[in-house]
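Have a look at final.cif; it's mmCIF, C-alpha atoms:
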data_model
loop_
_atom_site.label_atom_id
_atom_site.label_comp_id
_atom_site.auth_asym_id
_atom_site.auth_seq_id
_atom_site.Cartn_x
_atom_site.Cartn_y
_atom_site.Cartn_z
CA MET Y 1 81.31 154.62 93.86
CA ARG Y 2 82.94 153.82 90.64
CA SER Y 3 86.25 152.78 92.24
CA GLY Y 4 84.39 150.29 94.48
CA TRP Y 5 82.83 148.66 91.45
CA TRP Y 6 86.24 148.23 89.76
CA LEU Y 7 87.75 146.88 92.96
CA GLY Y 8 84.94 144.32 93.27
CA LEU Y 9 85.37 143.28 89.65
CA ALA Y 10 89.15 142.95 90.06
CA VAL Y 11 88.83 140.83 93.24
CA GLY Y 12 86.25 138.59 91.56
CA ALA Y 13 88.47 138.12 88.49
CA VAL Y 14 91.50 137.23 90.67
CA ALA Y 15 89.41 134.73 92.64
CA TRP Y 16 88.14 133.12 89.42
CA VAL Y 17 91.68 132.85 87.95
CA ALA Y 18 92.99 131.39 91.23
CA SER Y 19 90.24 128.77 91.40
CA ALA Y 20 90.71 127.86 87.72
CA ALA Y 21 94.46 127.43 88.35
CA CYS Y 22 93.72 125.08 91.27
CA TYR Y 23 91.53 122.88 89.11
CA ALA Y 24 94.02 122.83 86.24
CA ALA Y 25 96.89 121.82 88.56
CA GLU Y 26 95.21 118.66 89.82
CA PRO Y 27 96.85 115.61 88.23
CA THR Y 28 94.76 112.92 86.59
CA ALA Y 29 94.82 109.56 88.36
CA SER Y 30 93.42 106.85 86.10
CA THR Y 31 92.41 103.53 87.59
CA GLY Y 32 93.46 100.38 85.80
CA ARG Y 33 95.49 97.20 85.89
CA LEU Y 34 99.06 96.46 84.91
CA GLU Y 35 100.03 92.89 84.02
CA PHE Y 36 103.70 91.91 83.86
CA GLU Y 37 105.63 88.77 83.02
CA THR Y 38 109.28 87.88 82.45
CA THR Y 39 111.25 84.65 82.31
CA ILE Y 40 114.37 84.32 84.47
CA ARG Y 41 117.17 81.90 83.64
CA ALA Y 42 120.86 82.19 84.53
CA GLU Y 43 123.98 80.14 85.10
CA PHE Y 44 124.22 77.61 87.91
CA THR Y 45 126.33 79.35 90.57
CA GLY Y 46 125.72 80.18 94.20
CA PHE Y 47 122.40 78.68 95.28
CA ALA Y 48 121.04 78.43 91.71
CA PRO Y 49 118.65 77.38 90.31
CA ARG Y 50 117.01 78.65 93.49
CA HIS Y 51 116.84 82.45 93.39
CA VAL Y 52 115.18 85.40 95.07
CA VAL Y 53 113.19 88.05 93.20
CA ALA Y 54 111.66 91.45 93.95
CA ILE Y 55 109.25 93.26 91.61
CA TRP Y 56 108.30 96.88 92.33
CA ILE Y 57 107.11 100.16 90.80
CA GLU Y 58 108.93 103.50 90.91
CA ALA Y 59 107.95 106.89 89.50
CA ALA Y 60 110.16 108.01 86.59
CA ASP Y 61 112.04 110.31 89.00
CA GLY Y 62 113.05 107.31 91.15
CA ARG Y 63 110.50 107.70 93.95
CA PHE Y 64 109.36 104.34 95.33
CA VAL Y 65 105.67 103.62 94.71
CA ARG Y 66 104.93 100.03 95.70
CA THR Y 67 106.32 96.50 95.96
CA LEU Y 68 104.33 94.05 93.86
CA LYS Y 69 106.01 90.75 94.81
CA VAL Y 70 108.99 89.37 96.68
CA PHE Y 71 110.05 85.76 96.37
CA GLY Y 72 112.40 84.56 99.11
CA ARG Y 73 112.29 85.52 102.75
CA ARG Y 74 115.61 84.09 103.95
CA ARG Y 75 117.80 85.64 101.25
CA GLN Y 76 115.87 88.93 100.92
CA ASN Y 77 118.91 90.82 102.23
CA TRP Y 78 120.64 90.21 98.84
CA LEU Y 79 117.92 92.17 97.01
CA GLN Y 80 119.89 95.32 97.76
CA VAL Y 81 118.54 97.62 95.01
CA TRP Y 82 114.94 96.84 96.03
CA LYS Y 83 115.74 97.27 99.74
CA LYS Y 84 117.32 100.68 99.09
CA SER Y 85 114.41 101.83 96.91
CA SER Y 86 111.71 100.62 99.31
CA GLY Y 87 113.47 102.00 102.38
CA GLY Y 88 114.42 98.58 103.67
CA GLY Y 89 111.09 97.99 105.33
CA ALA Y 90 108.92 94.92 105.17
CA PRO Y 91 107.39 94.31 101.75
CA ASP Y 92 103.82 95.50 101.22
CA ALA Y 93 103.24 92.54 98.90
CA VAL Y 94 102.60 88.86 99.43
CA THR Y 95 105.99 87.30 100.04
CA THR Y 96 106.53 83.73 98.95
CA ALA Y 97 109.34 81.24 99.32
CA THR Y 98 112.54 81.33 97.29
CA CYS Y 99 111.95 80.34 93.66
CA ARG Y 100 113.14 76.74 93.32
CA ASP Y 101 113.76 76.74 89.58
CA TRP Y 102 114.10 79.09 86.61
CA GLY Y 103 110.96 80.14 84.80
CA ALA Y 104 108.30 82.80 84.34
CA VAL Y 105 107.37 85.25 87.09
CA GLN Y 106 104.25 87.41 86.94
CA ALA Y 107 102.95 90.41 88.82
CA THR Y 108 99.94 92.72 88.64
CA TRP Y 109 99.46 96.29 89.81
CA ASP Y 110 96.24 98.17 90.47
CA GLY Y 111 97.76 101.64 89.98
CA LYS Y 112 97.93 102.33 93.73
CA ASP Y 113 100.79 103.24 96.03
CA GLU Y 114 101.69 101.50 99.28
CA ARG Y 115 98.99 103.54 101.12
CA GLY Y 116 96.27 102.31 98.76
CA GLN Y 117 95.89 105.62 96.90
CA VAL Y 118 95.63 105.70 93.08
CA VAL Y 119 98.79 107.41 91.83
CA ALA Y 120 98.89 110.22 89.27
CA ASP Y 121 99.09 109.38 85.58
CA GLY Y 122 102.53 109.71 84.04
CA PRO Y 123 105.76 107.83 83.44
CA TYR Y 124 106.67 104.94 85.74
CA VAL Y 125 109.26 102.16 85.80
CA LEU Y 126 108.63 98.55 86.75
CA LYS Y 127 111.80 97.04 88.22
CA VAL Y 128 112.80 93.43 88.82
CA GLU Y 129 115.83 92.37 90.82
CA THR Y 130 116.97 88.77 91.12
CA THR Y 131 119.96 86.98 92.57
CA TRP Y 132 121.03 83.38 92.93
CA ASP Y 133 124.22 84.13 94.84
CA ASN Y 134 125.20 85.91 98.03
CA CYS Y 135 125.40 89.30 96.32
CA SER Y 136 123.16 91.82 94.59
CA GLY Y 137 121.93 90.68 91.17
CA PRO Y 138 120.90 92.20 87.85
CA VAL Y 139 118.01 94.67 87.74
CA LEU Y 140 115.53 94.84 84.86
CA LYS Y 141 113.93 98.27 84.24
CA VAL Y 142 110.79 98.52 82.13
CA PRO Y 143 109.53 102.10 81.62
CA PHE Y 144 105.85 102.57 80.83
CA GLN Y 145 103.13 105.23 80.75
CA LYS Y 146 100.23 104.97 83.21
CA GLY Y 147 97.21 106.87 81.95
CA PRO Y 148 93.76 106.81 80.38
CA THR Y 149 94.97 104.95 77.27
CA PRO Y 150 96.26 101.36 77.04
CA ALA Y 151 100.03 100.85 76.92
CA GLU Y 152 102.04 97.75 76.02
CA VAL Y 153 105.79 97.24 76.30
CA THR Y 154 107.87 94.32 75.12
CA ALA Y 155 111.40 94.68 76.48
CA PRO Y 156 114.43 93.26 74.67
CA ASP Y 157 115.99 90.14 76.21
CA SER Y 158 118.79 90.97 78.63
CA SER Y 159 120.27 88.08 80.60
CA PRO Y 160 118.91 86.67 82.84
CA TYR Y 161 115.57 88.19 81.73
CA SER Y 162 113.72 87.18 78.56
CA ARG Y 163 110.22 87.30 77.06
CA THR Y 164 109.44 90.41 79.11
CA ARG Y 165 105.99 91.88 78.55
CA LEU Y 166 104.03 94.59 80.33
CA ALA Y 167 100.51 95.85 79.62
CA TRP Y 168 98.61 98.72 81.27
CA THR Y 169 94.82 98.58 80.81
CA PRO Y 170 92.97 101.66 82.11
CA GLY Y 171 89.64 101.49 83.88
CA THR Y 172 89.76 97.86 84.98
#
Any chance you could give the structure as structure tokens?
Amino acid sequence: MRSGWWLGLAVGAVAWVASAACYAAEPTASTGRLEFETTIRAEFTGFAPRHVVAIWIEAADGRFVRTLKVFGRRRQNWLQVWKKSSGGGAPDAVTTATCRDWGAVQATWDGKDERGQVVADGPYVLKVETTWDNCSGPVLKVPFQKGPTPAEVTAPDSSPYSRTRLAWTPGT
């Protein structure tokens, strides 16, 4: 009788540890809103000042999360870094015409992936690619932390990008 009691206690303890491990392994996925802005200005070559732009989110390990905006349907093929990251498929964001002049571009993100699921908290990178010629252009990378606390990043100017600002606000 005594061995049955110990066996029952041991099985119950293993089940409790296993269920606690399952709960502890679940990642947190905070809701919120990311607001981003940068100013783009470059030399007048190619089809400048008209230019195409893609803005997207990747996980810190390089996994594609979601396209936020693409400007320029006809010359989208020159956004080669974005096309490779996103798998070359159609953008899951509102696509607008080619930008006609230099200036500020903005994007927002609701913390969701391309399937509409809130992604896990952790490190992410917002990327911007632009080109004004028939070739791939410079890519801006802005790392940030998505989570339950606010985060703000001001990136240093790096031609053709300037006045770059990103803010994550949880729970909005």
* Identify, on the basis of all atoms listed in the file, every residue whose closest approach to segment 131-148 of chain Y does not exceed 9 Å; exclude the query and any residue fewer than 4 positions from it along the same chain; express the result as an MDAnalysis selection string. => chainID Y and resid 28:32 34 42:53 60 75 77:81 111 120:127 152:155 158:161 164:171
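Here the question is which of Y:Ala59, Y:Val128, Y:Ala151, Y:Val65 gets nearest to Ala107 of chain Y using only C-alpha atoms, and that residue is Y:Val128.
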* **Which residue of Y:Arg66, Y:Arg163, Y:Arg41, Y:Arg33 approaches Glu114 of chain Y most closely, using all atoms listed in the file** =>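 Residue with the minimum atom-to-atom distance to Glu114 of chain Y: Y:Arg66.
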Around all of segment 78-81 of chain Y's listed atoms, make the axis-aligned box with 5 Å on each side and tell me centre and edge lengths in Å to one decimal, as AutoDock Vina command-line options.
--center_x 119.3 --center_y 93.9 --center_z 96.9 --size_x 12.7 --size_y 17.4 --size_z 13.8
* By how many Å are atom CA of Gly62 of chain Y and atom CA of Trp82 of chain Y apart? ->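 It comes out at 11.7 Å.
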* Asked: Could you work out how far atom CA of Pro27 of chain Y lies from atom CA of Val119 of chain Y, giving the answer in Å with one decimal?
  -> 9.2 Å
* Exactly which residues make up the result of the PyMOL selection byres ((chain Y and resi 106) around 8) on this file, given as an MDAnalysis selection string? -> chainID Y and resid 35:38 104:105 107:108
* **Atom pair atom CA of Ser86 of chain Y / atom CA of Ile55 of chain Y: separation (Å)** =>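 These atoms are spaced 10.9 Å apart.
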